[in-house]
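Step one of this worksheet: look at the structure below.
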Amino acid sequence: MSNNATNAARQRIDALLDANSFVEIGGYVTARNTDFNLAAKETPADGVVTGYGVIDGNLVYVYSQDASVMNGSIGEMHAKKIAGLYDYAMKMGAPVIGLVDCAGLRLQEATDALNGFGEIYLKQSLASGVIPQITAIFGTCGGGLALVPGLTDFTFMEEKDAKLFVNSPNAIDGNNVSKCDSASAKFQSEEAGLVDVVADAASILEQIRQLVCMLPANNEDDMSYEECTDDLNRTCADLANAAGDTAIALSNISDDGVFFEVKRAYGQNMVAGFIKLNGVTVGALANRTEMYDENGEKTADFDNVLSVKGCRKAAEFVNFCDAFDIPVLTLTNVKGFKASMCAEKNIAREAAKMTCAFANATVPKVNVIIGEAYGSAYVAMNSKSIGADLVFAWPQAQIGMMDAGLAAKIMYDGESADVINEKTAEYAALQSSALAAAKRGYVDNIIDAQDTRKYVIGAFEMLFTKREDRPSKKHGTV
């Protein structure tokens, strides 16, 4: 039956879980449909291996589709096994990990298979915000099955052979796979933003293990912390130099340099991921103006503005953190919104969703202003006015309505250059400095960049027992 350890589906499970920890459920289930001579075909485990095991001692439930059985297509019993696995996971409060390699709907089973899709969607929807859900795509994930990663929290995709699509590239008017492979990992990670991590198969399984160990098991789990061996008062001497590439800055702040970045290729002017502070998992968001590779070579430059993709990425991430009681840290350096015809179609909506996500989140929220913080773009970026519990600023931070020079030109239009320069300096001191904001209570403390780690650790320790009531409602509509 399906417990043959030689097939790829089982091999992936064995590589993912701690050695010898997997216990299969439903290994003897087969298809029960008899149409189109299906009864004459062997369908071991009906094409999906399901069960449970542990990752570094953490209980997880796993299903892995077996492409050697009817191309891994989803039939009635295949779907019932996955839905049943969700029932176990919800009862026990443990994550579900799906390893996908599937031809889609099993045509021989028609409405039974279609109903099975609906059962999976329902279980995923009910589990959303209750247990973490992770999907890893190793082969084909097309048509209705593409909704499965869309309903999960994190998606991994094999870089070469995996395909993810609702409509195949050749079925899209005016397109073909050679023109734009919209099913590729590159497209789905960079353009669609559905995929968090693109890597080879072995790396995907290892990174899923890393992620699981950073996440709580469920929305009531308070065990997402571990003993910290890093110095809580460690100074980060070069942190100011990493203000451009804030992925590097977050790694410097984190315990032992731990940083798990999500949606790495999407909206890259916004960094999102998980760090550890005093052993506690913290969700981190940061504006980014530069990117460097592992060799220290600059690979990209960005304006410090909010973009459609960046806002969408941030809103989804904050909502996840809030659902699972994960504190949120932001590093802010933003001067406005991206200005382009394409951005204008969606920026107001996506920035509003990000603002709402920050405002609605009741988890501890800390903001560190590391550069510019201008206008309503700053307000939307976890400012004190929309609910940040503590706001710190580096000494050189600029906080206000707009750049001091631009403000002076508007207020003193027609005046000489000397007057404008004088008023620019005056405006910067009175209205745009970190000190001016601190005097009005919009910044709680001005800190040296190198001391950021110890201040944010202290802030989250103080906020550890935070409780916050909100108006009673079914749900928001933003």
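In the structure tokens, chains take letters A, B, ... by order of appearance, with residues numbered from 1 within each chain and ligands from 1 in the order shown.
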
So that I can see what lies close to Lys454 (chain A), please list as a CSV table (one decimal) with N, CA and C atoms, in the first residue's frame the residues with an atom at most 6 Å from it, counting only C-alpha atoms and leaving out residues fewer than 3 positions away in the same chain.
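Saved result, selection_32.csv, follows:
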chain,number,residue,atom,x,y,z
A,232,LEU,N,21.3,39.9,25.8
A,232,LEU,CA,20.1,40.8,25.6
A,232,LEU,C,20.5,42.3,25.4
A,233,ASN,N,21.7,42.6,26.0
A,233,ASN,CA,22.2,44.0,25.9
A,233,ASN,C,23.2,44.2,24.8
A,451,ASP,N,21.9,50.7,20.0
A,451,ASP,CA,21.2,50.2,21.1
A,451,ASP,C,19.8,49.6,20.8
A,457,ILE,N,13.8,44.7,22.9
A,457,ILE,CA,13.6,43.6,23.8
A,457,ILE,C,13.0,44.0,25.1

**Study point:** Shell around region 370-384 of chain A at 6 Å using only C-alpha atoms, local window under 4 positions removed, as a list of chain:residue names
**Key:**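 Counting only the stated atoms, we get A:Thr332, A:Asn333, A:Val334, A:Lys335, A:Gly336, A:Thr355, A:Phe358, A:Ala388, A:Trp394, A:Ala397, A:Gln398, A:Ile399, A:Gly400, A:Met401, A:Met402.
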
Check your understanding: Counting only C-alpha atoms, which of A:Ala284, A:Ala437, A:Val318, A:Ile74 gets nearest to Gly47 (chain A)?
Key ->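 Of A:Ala284, A:Ala437, A:Val318, A:Ile74, the one nearest Gly47 (chain A) is A:Ile74, counting only C-alpha atoms.
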
Check your understanding: So which residues touch Gly98 (chain A) within 8 Å, counting only C-alpha atoms, skipping near sequence neighbours fewer than 3 positions away, as a VMD selection string?
Key -> chain A and resid 62 to 64 134 to 136

Point to revise | Close residues, Leu331 (chain A) itself excluded, 7 Å, only C-alpha atoms, min 6 positions apart in chain, as number ranges by chain | key: A: 285-287, 367-370

Study note, to complete from the structure: Closest of A:Glu191, A:Asp56, A:Asp389, A:Asp101 to Val212 (chain A), counting only C-alpha atoms, is A:Asp56

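Across the model, the gap from CA of Ser68 (chain A) to CA of Asn7 (chain A) is 7.9 Å.
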
Review point. Which residue out of A:Ile253, A:Lys298, A:Leu99, A:Thr229 has the minimum interatomic distance to Leu329 (chain A) when only C-alpha atoms are used?
Key: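 That would be A:Ile253, the residue with the smallest distance to Leu329 (chain A).
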